[in-house]
Amino acid sequence: MKFGVINFLKAGAAQLIVLHHLAFYGPMADHVRHMLPELVDWLADSARIAVQVFLVVGGFLAAKSLAPQAQPGIADPLGAIWRRYLKLAPPFIAATLLAAGATALAAMWMTHDSISDPATLGQLAAHALLLQSVLEYPALSAGAWYVAIDFQLYALVVAMLWLSGRRAWMLPILVAIGCALSLLHFNLDSSWDSWAPYFFGSYALGMAAWWASDPRRKAGAVALMLAAVVLALVALVVDYRSRIALALVVACVLVLFGRIRTPGEGRDWAVINWLAQISYAVFLIHFPVSLLVNAAFTRFVPPEPELQGLGMLCAWAASLAAGAAFHRWIELPLGRYFSTPRSVMPGHAARA
């Protein structure tokens, strides 16, 4: 049994992100825009807010993992942060190296703004530490910023749990304060968009949704969700942002349906669950794949919109295929390797 609604949201949002980057980067979309201007413009602009789905779902699942009953405290905060890094970073590093190689190959076939300069050692190191945006290095792949932000948000929640100690009342207050500061201050200033506080409002909505969706929920969980909803509505009145409106809608959907488990059988659910399962891999690998397809269609295919539109569809399909392969042959093996407890060194065992 799976969290069907969550998988549906992840699967759909991942496809929109791929299509957004296909429309935003690369010359194929420039040609297709002449044939389908409204669609390409919508994908290049408005579709980007699909990332809010991942932010809200991320908060929902972080609350489920770290504090399912909104209980304060955490036994090993540094260990929790390290485990999150080991989940996110190794496949991200692998995808970043592939993106650097794909960029070099694509540069042989086309000249375009989507082609970045050759990667430097410092740039690669910043990506490996998930600090590329903070240190102001150019990203080697579209969406690299999100991996770093996901890690920051998770670490911020761990810090809140640690600060809460044994005080049951403090965690909801910290989440509510963080949500308010994010929605009413940080998210209004784009200079903060390399840091977790800019995005914490959406993440906090997801956390509140998990606690409020508990059938045995306490009054405090409902109060926190209501407070988060009110804060989001106030933020929209102060300065309407479609991304925050979407985050609010997703959070409300998760309160109502987020915990519903659906069977894995059936063709439709099998496809949805599969797309959700490979969504992180697709998110990581689709940019270098799309870059290579863009380069190939620029070099070898006439610039007619119909043919370039076929190229965009090929890039979308190739991104899914590459994501499935990356998930099976890179993401899962790395996950198993880094989740396996390492043997204690003999010298350490002797001193224990």
# chains A, B, ... in the order shown; residues from 1 in each chain; ligands from 1

call {"tool": "residues_around", "arguments": {"residues": "segment 166-177 of chain A", "least_positions_apart": "2", "cutoff": "12 Å", "atoms": "only C-alpha atoms", "output": "ChimeraX atom specification"}}
result
/A:59,63,66-67,69-75,153,156-164,179-185,197,200-208,211-212,219-232

call {"tool": "select_by_dssp", "arguments": {"residues": "segment 117-350 of chain A", "states": "helix (DSSP H, G or I)", "output": "PyMOL selection string"}}
result
chain A and resi 121-128+144-164+170-184+186-188+190-192+196-212+219-238+242-257+267-277+279-300+305-339+346-350

call {"tool": "closest_residue", "arguments": {"among": "A:Ala270, A:Val134, A:Ala155, A:Leu246", "to": "Ser194 of chain A", "atoms": "only C-alpha atoms"}}
result
A:Val134

call {"tool": "atom_distance", "arguments": {"atom1": "atom CA of Ala94 of chain A", "atom2": "atom CA of Ile115 of chain A"}}
result
18.9 Å

call {"tool": "residues_around", "arguments": {"residues": "Pro90 of chain A", "least_positions_apart": "6", "cutoff": "10 Å", "atoms": "only C-alpha atoms", "output": "PyMOL selection string"}}
result
chain A and resi 96+128+330-331+334-335+338

call {"tool": "write_last_selection", "arguments": {"atoms": "C-alpha atoms", "output": "PDB file, in the first residue's frame"}}
result
ATOM      1  CA  THR A  96      26.420  16.722 -11.475  1.00  0.00           C
ATOM      2  CA  ALA A 128      29.327  18.221  -3.513  1.00  0.00           C
ATOM      3  CA  ILE A 330      23.078   4.604  -9.398  1.00  0.00           C
ATOM      4  CA  GLU A 331      20.583   5.973  -6.856  1.00  0.00           C
ATOM      5  CA  LEU A 334      24.437   4.330  -3.574  1.00  0.00           C
ATOM      6  CA  GLY A 335      21.552   4.376  -1.118  1.00  0.00           C
ATOM      7  CA  PHE A 338      25.640   4.487   2.436  1.00  0.00           C
TER       8      PHE A 338
END

call {"tool": "residues_around", "arguments": {"residues": "segment 288-301 of chain A", "least_positions_apart": "6", "cutoff": "9 Å", "atoms": "only C-alpha atoms", "output": "MDAnalysis selection string"}}
result
chainID A and resid 18 21:22 25:28 95:96 98:103 105:111 114:115 141:142 307:308 311:312 314:316 318:319 322

call {"tool": "residues_around", "arguments": {"residues": "Trp145 of chain A", "least_positions_apart": "3", "cutoff": "9 Å", "atoms": "only C-alpha atoms", "output": "list in words"}}
result
Leu130, Leu131, Gln132, Ser133, Ala139, Ser141, Ala142, Ala148, Ile149, Asp150 and Ser194 of chain A

call {"tool": "atom_distance", "arguments": {"atom1": "atom CA of Ala276 of chain A", "atom2": "atom CA of Ala196 of chain A"}}
result
24.1 Å

call {"tool": "atom_distance", "arguments": {"atom1": "atom CA of Ala144 of chain A", "atom2": "atom CA of Ala47 of chain A"}}
result
17.2 Å

call {"tool": "residues_around", "arguments": {"residues": "Gly4 of chain A", "least_positions_apart": "4", "cutoff": "12 Å", "atoms": "only C-alpha atoms", "output": "PyMOL selection string"}}
result
chain A and resi 8-11+254+257-265+268-277

call {"tool": "residues_around", "arguments": {"residues": "Gly309 of chain A", "least_positions_apart": "6", "cutoff": "8 Å", "atoms": "only C-alpha atoms", "output": "number ranges by chain"}}
result
A: 28-29, 31-32

call {"tool": "write_last_selection", "arguments": {"atoms": "C-alpha atoms", "output": "mmCIF file, in the first residue's frame"}}
result
data_model
loop_
_atom_site.group_PDB
_atom_site.id
_atom_site.type_symbol
_atom_site.label_atom_id
_atom_site.label_comp_id
_atom_site.auth_asym_id
_atom_site.auth_seq_id
_atom_site.Cartn_x
_atom_site.Cartn_y
_atom_site.Cartn_z
ATOM 1 C CA MET A 28 14.233 23.459 -29.440
ATOM 2 C CA ALA A 29 11.667 25.408 -27.428
ATOM 3 C CA HIS A 31 11.510 27.037 -32.512
ATOM 4 C CA VAL A 32 8.393 25.390 -31.061
#
